[in-house]
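K.L.:
Dropping in coords_24.cif, with mmCIF, C-alpha atoms and all ligand atoms.
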```cif
data_data
loop_
_atom_site.label_atom_id
_atom_site.label_comp_id
_atom_site.auth_asym_id
_atom_site.auth_seq_id
_atom_site.Cartn_x
_atom_site.Cartn_y
_atom_site.Cartn_z
CA MET A 1 0.00 0.00 0.00
CA SER A 2 1.15 3.51 -0.69
CA GLN A 3 2.46 5.04 2.53
CA ILE A 4 1.09 8.46 1.75
CA ASP A 5 -2.37 9.53 0.71
CA TRP A 6 -1.99 10.82 -2.84
CA GLY A 7 -5.49 12.20 -2.60
CA ALA A 8 -4.40 14.70 0.08
CA GLY A 9 -3.57 18.26 -0.96
CA THR A 10 -3.64 19.18 -4.63
CA TYR A 11 -2.00 16.58 -6.84
CA GLU A 12 -3.65 18.19 -9.88
CA SER A 13 -0.89 20.78 -10.54
CA THR A 14 1.75 18.03 -10.73
CA ALA A 15 -0.56 15.93 -12.91
CA ALA A 16 -0.61 18.81 -15.42
CA ASP A 17 3.22 18.80 -15.42
CA LEU A 18 3.26 15.06 -16.15
CA LEU A 19 0.67 15.12 -18.95
CA PRO A 20 3.25 15.45 -21.78
CA ALA A 21 4.98 12.30 -20.49
CA ALA A 22 1.62 10.52 -20.27
CA ARG A 23 0.98 11.37 -23.92
CA GLU A 24 4.45 10.07 -24.89
CA LEU A 25 3.81 6.86 -22.96
CA VAL A 26 0.49 6.25 -24.70
CA ALA A 27 2.00 7.06 -28.12
CA ALA A 28 4.86 4.62 -27.51
CA ALA A 29 2.37 1.86 -26.67
CA ARG A 30 0.79 2.06 -30.18
CA ILE A 31 -2.62 1.27 -28.78
CA GLN A 32 -5.19 -0.27 -31.11
CA PRO A 33 -8.92 0.49 -30.70
CA GLY A 34 -10.58 -2.14 -28.52
CA GLU A 35 -7.38 -3.18 -26.73
CA HIS A 36 -7.62 -3.56 -22.96
CA VAL A 37 -5.29 -0.97 -21.43
CA VAL A 38 -4.56 -0.91 -17.70
CA ASP A 39 -3.23 2.33 -16.19
CA VAL A 40 -1.49 1.49 -12.91
CA GLY A 41 -1.33 4.35 -10.38
CA ALA A 42 -3.60 6.41 -12.62
CA GLY A 43 -3.63 9.56 -10.45
CA THR A 44 -6.14 11.97 -11.97
CA GLY A 45 -6.27 9.84 -15.13
CA ASN A 46 -3.60 11.42 -17.36
CA VAL A 47 -2.84 8.16 -19.19
CA ALA A 48 -6.24 6.51 -18.81
CA LEU A 49 -8.12 9.40 -20.41
CA VAL A 50 -5.73 9.71 -23.37
CA ALA A 51 -5.83 5.94 -23.97
CA ALA A 52 -9.63 5.85 -23.75
CA GLY A 53 -9.74 8.69 -26.29
CA LEU A 54 -8.00 6.34 -28.76
CA GLY A 55 -10.79 3.80 -28.46
CA ALA A 56 -9.12 1.50 -25.94
CA ARG A 57 -11.06 -0.26 -23.20
CA VAL A 58 -9.35 1.15 -20.14
CA THR A 59 -9.06 0.10 -16.51
CA ALA A 60 -7.58 2.77 -14.22
CA VAL A 61 -6.05 1.28 -11.05
CA GLU A 62 -5.54 3.86 -8.30
CA PRO A 63 -5.12 3.46 -4.51
CA ALA A 64 -6.20 7.00 -3.52
CA THR A 65 -9.96 7.33 -3.01
CA ARG A 66 -10.19 11.03 -3.94
CA LEU A 67 -8.19 10.53 -7.14
CA ARG A 68 -10.44 7.62 -8.19
CA GLU A 69 -13.37 10.01 -7.86
CA VAL A 70 -11.55 12.62 -9.99
CA ILE A 71 -10.95 10.05 -12.76
CA GLN A 72 -14.53 8.79 -12.56
CA GLU A 73 -15.87 12.31 -12.98
CA ALA A 74 -13.57 13.05 -15.94
CA ALA A 75 -14.33 9.72 -17.65
CA GLY A 76 -17.76 10.80 -18.92
CA ALA A 77 -19.00 8.37 -21.56
CA ARG A 78 -15.54 6.92 -22.27
CA ASP A 79 -14.96 3.15 -21.90
CA LEU A 80 -13.07 3.62 -18.63
CA THR A 81 -13.46 1.61 -15.44
CA VAL A 82 -11.87 2.89 -12.23
CA VAL A 83 -10.78 0.39 -9.59
CA ASP A 84 -9.04 0.42 -6.21
CA GLY A 85 -5.68 -1.35 -6.24
CA THR A 86 -1.93 -1.06 -6.19
CA ALA A 87 0.81 -2.23 -8.52
CA ALA A 88 1.28 -5.33 -6.37
CA ALA A 89 -2.48 -6.00 -6.05
CA ILE A 90 -4.32 -5.40 -9.31
CA PRO A 91 -7.91 -6.66 -9.17
CA LEU A 92 -7.84 -8.15 -12.69
CA ALA A 93 -7.59 -11.70 -14.04
CA ASP A 94 -4.35 -13.31 -15.21
CA GLY A 95 -3.49 -12.42 -18.81
CA SER A 96 -6.27 -9.85 -19.17
CA ALA A 97 -4.38 -6.75 -20.37
CA ASP A 98 -3.05 -6.07 -23.86
CA VAL A 99 -1.16 -3.06 -22.54
CA ILE A 100 -0.16 -1.99 -19.03
CA LEU A 101 0.95 1.60 -18.58
CA SER A 102 2.28 3.37 -15.50
CA ASN A 103 3.30 7.02 -15.60
CA PHE A 104 5.61 7.77 -12.63
CA ALA A 105 3.52 5.46 -10.43
CA VAL A 106 4.75 1.87 -10.18
CA ILE A 107 8.04 3.50 -9.10
CA PHE A 108 6.33 4.19 -5.74
CA ALA A 109 5.54 0.53 -5.08
CA PRO A 110 6.95 -0.44 -1.66
CA ASP A 111 7.82 -3.90 -3.03
CA PRO A 112 9.05 -3.46 -6.63
CA HIS A 113 9.63 -7.20 -7.12
CA ALA A 114 6.02 -7.97 -6.16
CA ALA A 115 4.82 -5.15 -8.42
CA ILE A 116 6.72 -6.46 -11.45
CA ALA A 117 5.42 -9.99 -10.80
CA GLU A 118 1.87 -8.60 -10.67
CA LEU A 119 2.26 -6.60 -13.90
CA ALA A 120 3.58 -9.75 -15.59
CA ARG A 121 0.62 -11.77 -14.24
CA VAL A 122 -1.98 -9.34 -15.58
CA ALA A 123 -0.34 -8.87 -19.01
CA LYS A 124 -1.49 -11.17 -21.83
CA PRO A 125 1.17 -13.61 -23.09
CA ALA A 126 1.93 -11.16 -25.93
CA GLY A 127 1.14 -8.11 -23.82
CA ARG A 128 3.35 -5.09 -23.34
CA ILE A 129 4.19 -3.02 -20.28
CA LEU A 130 5.37 0.58 -20.51
CA LEU A 131 6.36 2.83 -17.65
CA THR A 132 8.15 6.07 -16.91
CA SER A 133 10.62 6.81 -14.13
CA TRP A 134 12.70 9.88 -13.29
CA LEU A 135 16.33 9.90 -14.33
CA PRO A 136 18.70 11.17 -11.62
CA GLY A 137 18.82 14.98 -11.64
CA VAL A 138 16.43 17.81 -10.91
CA MET A 139 13.58 15.89 -9.27
CA ASP A 140 15.90 13.83 -7.03
CA GLN A 141 17.65 17.00 -5.98
CA LEU A 142 14.44 18.81 -5.02
CA VAL A 143 12.73 15.86 -3.33
CA GLY A 144 16.06 15.11 -1.64
CA ILE A 145 16.05 18.48 0.16
CA VAL A 146 12.76 17.61 1.88
CA ALA A 147 13.61 13.92 2.36
CA THR A 148 16.97 14.67 3.99
CA ALA A 149 15.37 17.08 6.47
CA VAL A 150 12.64 14.55 7.27
CA ARG A 151 15.26 11.86 7.93
CA GLU A 152 17.20 14.23 10.18
CA VAL A 153 14.02 15.01 12.14
CA THR A 154 12.81 11.43 12.47
CA GLY A 155 16.24 9.82 12.82
CA GLY A 156 15.26 7.48 9.99
CA SER A 157 17.67 6.12 7.42
CA GLU A 158 17.32 6.12 3.66
CA ALA A 159 14.94 3.23 2.95
CA THR A 160 16.74 1.20 0.32
CA ASP A 161 15.70 -2.30 1.44
CA GLY A 162 14.07 -4.09 -1.46
CA GLN A 163 14.02 -0.92 -3.56
CA ILE A 164 15.34 -0.92 -7.12
CA ASP A 165 16.70 1.71 -9.51
CA TRP A 166 13.70 2.14 -11.80
CA HIS A 167 15.92 4.19 -14.13
CA ASP A 168 18.55 1.43 -14.57
CA SER A 169 17.84 -0.46 -17.79
CA LYS A 170 20.09 -3.38 -16.77
CA VAL A 171 18.13 -3.88 -13.52
CA LEU A 172 14.81 -3.64 -15.37
CA SER A 173 15.97 -6.08 -18.07
CA GLU A 174 16.81 -8.64 -15.40
CA LEU A 175 13.60 -8.21 -13.41
CA PHE A 176 11.21 -8.15 -16.39
CA GLY A 177 13.37 -10.71 -18.22
CA ALA A 178 12.50 -13.26 -15.54
CA TYR A 179 8.93 -13.14 -16.92
CA GLY A 180 9.96 -13.39 -20.57
CA PHE A 181 9.95 -9.66 -21.37
CA GLU A 182 12.55 -7.84 -23.40
CA VAL A 183 13.19 -4.32 -22.18
CA SER A 184 14.06 -1.25 -24.22
CA THR A 185 14.45 2.28 -22.89
CA THR A 186 14.56 5.86 -24.18
CA ALA A 187 15.62 8.97 -22.24
CA LYS A 188 13.19 11.88 -22.55
CA ASP A 189 13.10 15.52 -21.50
CA LEU A 190 10.27 17.06 -19.51
CA ALA A 191 10.44 20.77 -18.75
CA VAL A 192 8.44 21.78 -15.68
CA THR A 193 7.67 25.48 -15.49
CA ALA A 194 6.36 27.88 -12.84
CA ALA A 195 5.88 31.64 -12.61
CA SER A 196 8.57 31.95 -9.90
CA PRO A 197 10.47 29.85 -7.33
CA GLU A 198 7.83 30.84 -4.73
CA ASP A 199 5.05 29.76 -7.08
CA TYR A 200 6.81 26.41 -7.60
CA TRP A 201 7.08 25.92 -3.83
CA GLU A 202 3.40 26.74 -3.24
CA THR A 203 1.88 24.78 -6.12
CA ARG A 204 4.23 21.79 -6.51
CA ILE A 205 5.80 21.24 -3.10
CA ALA A 206 3.71 22.63 -0.23
CA ASP A 207 0.36 21.34 -1.48
CA HIS A 208 1.71 18.18 -3.15
CA PRO A 209 0.64 14.98 -1.35
CA LEU A 210 4.29 14.44 -0.29
CA GLY A 211 4.41 17.96 1.16
CA VAL A 212 1.10 17.49 2.94
CA ALA A 213 2.45 14.25 4.44
CA THR A 214 5.77 15.67 5.64
CA PHE A 215 5.39 19.40 6.35
CA PRO A 216 3.65 19.07 9.76
CA LEU A 217 6.68 17.07 10.95
CA LEU A 218 9.14 19.66 9.69
CA GLU A 219 7.09 22.51 11.09
CA LYS A 220 6.89 20.87 14.52
CA ALA A 221 10.67 20.44 14.50
CA GLY A 222 11.18 24.08 13.48
CA ARG A 223 12.79 23.07 10.17
CA LEU A 224 10.20 24.03 7.57
CA ALA A 225 11.30 27.65 6.98
CA GLU A 226 14.91 26.58 6.49
CA VAL A 227 13.92 23.81 4.03
CA ARG A 228 11.85 26.34 2.07
CA THR A 229 14.73 28.82 1.95
CA ARG A 230 17.16 26.16 0.78
CA MET A 231 14.86 24.91 -1.97
CA LEU A 232 14.01 28.40 -3.23
CA LYS A 233 17.72 29.22 -3.37
CA VAL A 234 18.55 26.13 -5.45
CA ILE A 235 15.68 26.81 -7.84
CA ALA A 236 16.51 30.52 -8.12
CA THR A 237 20.21 29.87 -8.71
CA ASP A 238 20.05 26.93 -11.09
CA TRP A 239 16.72 26.96 -12.91
CA THR A 240 15.26 30.47 -12.97
CA THR A 241 15.48 32.72 -16.04
CA PRO A 242 16.57 36.37 -15.75
CA ALA A 243 12.87 37.23 -16.12
CA GLY A 244 12.17 35.28 -12.92
CA GLU A 245 10.43 32.26 -14.45
CA VAL A 246 11.27 28.72 -13.39
CA SER A 247 12.07 26.03 -15.94
CA LEU A 248 13.20 22.72 -14.48
CA PRO A 249 15.02 20.53 -17.04
CA ALA A 250 13.81 17.17 -15.76
CA GLN A 251 14.61 13.93 -17.56
CA TYR A 252 12.90 10.60 -17.40
CA LEU A 253 13.22 7.10 -18.80
CA LEU A 254 10.47 5.63 -20.95
CA VAL A 255 10.64 1.86 -20.46
CA THR A 256 9.03 -0.70 -22.76
CA ALA A 257 8.82 -4.36 -21.75
CA ALA A 258 7.42 -6.61 -24.47
CA ARG A 259 7.24 -10.39 -25.06
C1 LIG B 301 3.30 10.89 -9.37
S1 LIG B 301 1.69 10.25 -9.29
C2 LIG B 301 1.38 9.81 -11.01
C3 LIG B 301 -0.08 9.74 -11.33
C4 LIG B 301 -0.45 9.57 -12.79
N1 LIG B 301 0.05 8.33 -13.32
C5 LIG B 301 -0.05 10.75 -13.62
O1 LIG B 301 0.43 10.56 -14.75
O2 LIG B 301 -0.26 11.87 -13.20
C6 LIG B 301 1.89 8.73 -8.47
C7 LIG B 301 0.64 7.89 -8.42
O3 LIG B 301 1.00 6.58 -7.99
C8 LIG B 301 0.02 6.12 -7.11
N2 LIG B 301 0.63 5.09 -6.25
C9 LIG B 301 1.30 5.25 -5.09
N3 LIG B 301 1.69 4.04 -4.62
C10 LIG B 301 1.27 3.13 -5.52
C11 LIG B 301 1.36 1.72 -5.60
N4 LIG B 301 1.98 1.00 -4.66
N5 LIG B 301 0.81 1.10 -6.66
C12 LIG B 301 0.19 1.82 -7.63
N6 LIG B 301 0.07 3.16 -7.60
C13 LIG B 301 0.60 3.81 -6.56
C14 LIG B 301 -0.42 7.36 -6.36
O4 LIG B 301 -1.66 7.18 -5.70
C15 LIG B 301 -0.42 8.39 -7.48
O5 LIG B 301 -1.65 8.44 -8.12
#
```
Represent the structure contained in this file as structure tokens.
P.N.:
Amino acid sequence: MSQIDWGAGTYESTAADLLPAARELVAAARIQPGEHVVDVGAGTGNVALVAAGLGARVTAVEPATRLREVIQEAAGARDLTVVDGTAAAIPLADGSADVILSNFAVIFAPDPHAAIAELARVAKPAGRILLTSWLPGVMDQLVGIVATAVREVTGGSEATDGQIDWHDSKVLSELFGAYGFEVSTTAKDLAVTAASPEDYWETRIADHPLGVATFPLLEKAGRLAEVRTRMLKVIATDWTTPAGEVSLPAQYLLVTAAR
């Protein structure tokens, strides 16, 4: 189960940032009308809605109750079913999906090995699985500022047990290869923009589900203001134009596993 509630706060502004990657993911899957497409960790439905627009029969799997409601509302008359589930517990029959897609979502599975086994179970024998994951860089650096402070406050260590590098094509080839998949990867750019560093903080960090989950802790420990200052400084120094606008040059890996 996801350890944070992705329905808390406002995930919608980040979903808008990720929409170009969702479109790339769907395009790479070469979906045919009538195919059964499963969107794992569907969020607000970025991938599910685009795939349904191509005539696919879509199942959106999403653990957060509020986000399932958002998808349901946006689905309208499209052939889109929304279900509760996680990457390691998909409520679908063996071999029932032509295509499984996951845009920056399966990467949050607490047990990646179980998640990959579950994706392989649900995919048809000739099915394909496509996912996106961040490449090391901007996003790591920003999330790392908050995560490091949280670890310092809680005394926790970096949780690496059982985790995998979702951006390492060798690791993915081995893990998916065990289920007969061949993996190919492409690096992609995704520019994330905001009106100013302060705007980025407010709309993408403070009210993001991860911010909502961690800020009370930091505030209680008297660390929140310092974390904010540090992040704004990094953004202002490295990724803000002379006109004051933010443009984060994020990069991600588009992964295709086919058999
Ligand atoms: C960064 S968001 C991406 C959402 C969506 N795919 C998009 O393109 O906007 C991460 C999503 O993964 C979901 N998630 C978290 N843990 C998960 C898990 N173990 N299995 C499947 N989805 C999970 C969250 O609820 C959230 O919707």
K.L.:
What's the 12 Å shell around A:Ala195, counting all atoms listed in the file, without same-chain residues fewer than 5 positions away, as a PDB file with C-alpha atoms, in the frame of the given file?
P.N.:
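And here's out.pdb as it stands now:
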```pdb
ATOM      1  CA  TYR A 200       6.810  26.410  -7.600  1.00  0.00           C
ATOM      2  CA  TRP A 201       7.080  25.920  -3.830  1.00  0.00           C
ATOM      3  CA  GLU A 202       3.400  26.740  -3.240  1.00  0.00           C
ATOM      4  CA  THR A 203       1.880  24.780  -6.120  1.00  0.00           C
ATOM      5  CA  ARG A 204       4.230  21.790  -6.510  1.00  0.00           C
ATOM      6  CA  ILE A 235      15.680  26.810  -7.840  1.00  0.00           C
ATOM      7  CA  ALA A 236      16.510  30.520  -8.120  1.00  0.00           C
ATOM      8  CA  TRP A 239      16.720  26.960 -12.910  1.00  0.00           C
ATOM      9  CA  THR A 240      15.260  30.470 -12.970  1.00  0.00           C
ATOM     10  CA  THR A 241      15.480  32.720 -16.040  1.00  0.00           C
ATOM     11  CA  ALA A 243      12.870  37.230 -16.120  1.00  0.00           C
ATOM     12  CA  GLY A 244      12.170  35.280 -12.920  1.00  0.00           C
ATOM     13  CA  GLU A 245      10.430  32.260 -14.450  1.00  0.00           C
ATOM     14  CA  VAL A 246      11.270  28.720 -13.390  1.00  0.00           C
ATOM     15  CA  SER A 247      12.070  26.030 -15.940  1.00  0.00           C
ATOM     16  CA  LEU A 248      13.200  22.720 -14.480  1.00  0.00           C
TER      17      LEU A 248
END
```
K.L.:
For a quick check of understanding, using all atoms listed in the file, which of A:Arg78, A:Arg57, A:Arg223, A:His208 has the smallest distance to ligand LIG 301 (chain B)?
P.N.:
A:His208
K.L.:
To box stretch 173-191 of chain A, take all atoms listed in the file, fit an axis-aligned box, add 3 Å on each side, and give centre and edge lengths in Å to one decimal, as AutoDock Vina command-line options.
P.N.:
```
--center_x 12.9 --center_y 3.7 --center_z -18.8 --size_x 13.9 --size_y 40.2 --size_z 16.8
```
K.L.:
Wanna dump the chain A-ligand LIG 301 (chain B) contacts at 8 Å for me, each residue with its shortest atom pair and the distance in Å to one decimal, counting all atoms listed in the file, ordered by chain and number, as a Markdown table?
P.N.:
```
| residue | atom | partner | partner_atom | distance |
| --- | --- | --- | --- | --- |
| A:Met1 | CA | B:LIG301 | N4 | 5.2 |
| A:Ser2 | CA | B:LIG301 | N3 | 4.0 |
| A:Gln3 | CA | B:LIG301 | N3 | 7.3 |
| A:Ile4 | CA | B:LIG301 | C9 | 7.6 |
| A:Asp5 | CA | B:LIG301 | O4 | 6.9 |
| A:Trp6 | CA | B:LIG301 | O4 | 4.6 |
| A:Gly7 | CA | B:LIG301 | O4 | 7.0 |
| A:Tyr11 | CA | B:LIG301 | S1 | 7.7 |
| A:Glu12 | CA | B:LIG301 | O2 | 7.9 |
| A:Thr14 | CA | B:LIG301 | O2 | 6.9 |
| A:Ala15 | CA | B:LIG301 | O2 | 4.1 |
| A:Ala16 | CA | B:LIG301 | O2 | 7.3 |
| A:Leu18 | CA | B:LIG301 | O1 | 5.5 |
| A:Leu19 | CA | B:LIG301 | O1 | 6.2 |
| A:Ala21 | CA | B:LIG301 | O1 | 7.5 |
| A:Ala22 | CA | B:LIG301 | O1 | 5.6 |
| A:Asp39 | CA | B:LIG301 | N1 | 7.4 |
| A:Val40 | CA | B:LIG301 | C12 | 5.6 |
| A:Gly41 | CA | B:LIG301 | N6 | 3.3 |
| A:Ala42 | CA | B:LIG301 | N1 | 4.2 |
| A:Gly43 | CA | B:LIG301 | O5 | 3.3 |
| A:Thr44 | CA | B:LIG301 | O2 | 6.0 |
| A:Gly45 | CA | B:LIG301 | C4 | 6.3 |
| A:Asn46 | CA | B:LIG301 | O1 | 4.9 |
| A:Val47 | CA | B:LIG301 | O1 | 6.0 |
| A:Val61 | CA | B:LIG301 | C12 | 7.1 |
| A:Glu62 | CA | B:LIG301 | N6 | 5.7 |
| A:Pro63 | CA | B:LIG301 | O4 | 5.2 |
| A:Ala64 | CA | B:LIG301 | O4 | 5.0 |
| A:Leu67 | CA | B:LIG301 | O5 | 6.9 |
| A:Gly85 | CA | B:LIG301 | C12 | 6.8 |
| A:Thr86 | CA | B:LIG301 | N5 | 3.5 |
| A:Ala87 | CA | B:LIG301 | N5 | 3.8 |
| A:Ala88 | CA | B:LIG301 | N5 | 6.5 |
| A:Ala89 | CA | B:LIG301 | N5 | 7.8 |
| A:Ser102 | CA | B:LIG301 | N1 | 5.9 |
| A:Asn103 | CA | B:LIG301 | N1 | 4.2 |
| A:Phe104 | CA | B:LIG301 | C2 | 5.0 |
| A:Ala105 | CA | B:LIG301 | O3 | 3.7 |
| A:Val106 | CA | B:LIG301 | C12 | 5.2 |
| A:Ile107 | CA | B:LIG301 | C10 | 7.7 |
| A:Phe108 | CA | B:LIG301 | N3 | 4.8 |
| A:Ala109 | CA | B:LIG301 | N4 | 3.6 |
| A:Pro110 | CA | B:LIG301 | N4 | 6.0 |
| A:Asp111 | CA | B:LIG301 | N4 | 7.8 |
| A:Ala115 | CA | B:LIG301 | N5 | 7.6 |
```
K.L.:
From the set A:Ala51, A:Leu80, A:Val146, A:Ile116, which residue has the shortest atom-to-atom contact distance to A:Ala213, counting only C-alpha atoms?
P.N.:
A:Val146
K.L.:
Go ahead and compute the interatomic distance for atom CA of A:Ala77 and atom CA of A:Val58, in Å to one decimal.
P.N.:
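We find that atom CA of A:Ala77 and atom CA of A:Val58 lie 12.1 Å from each other.
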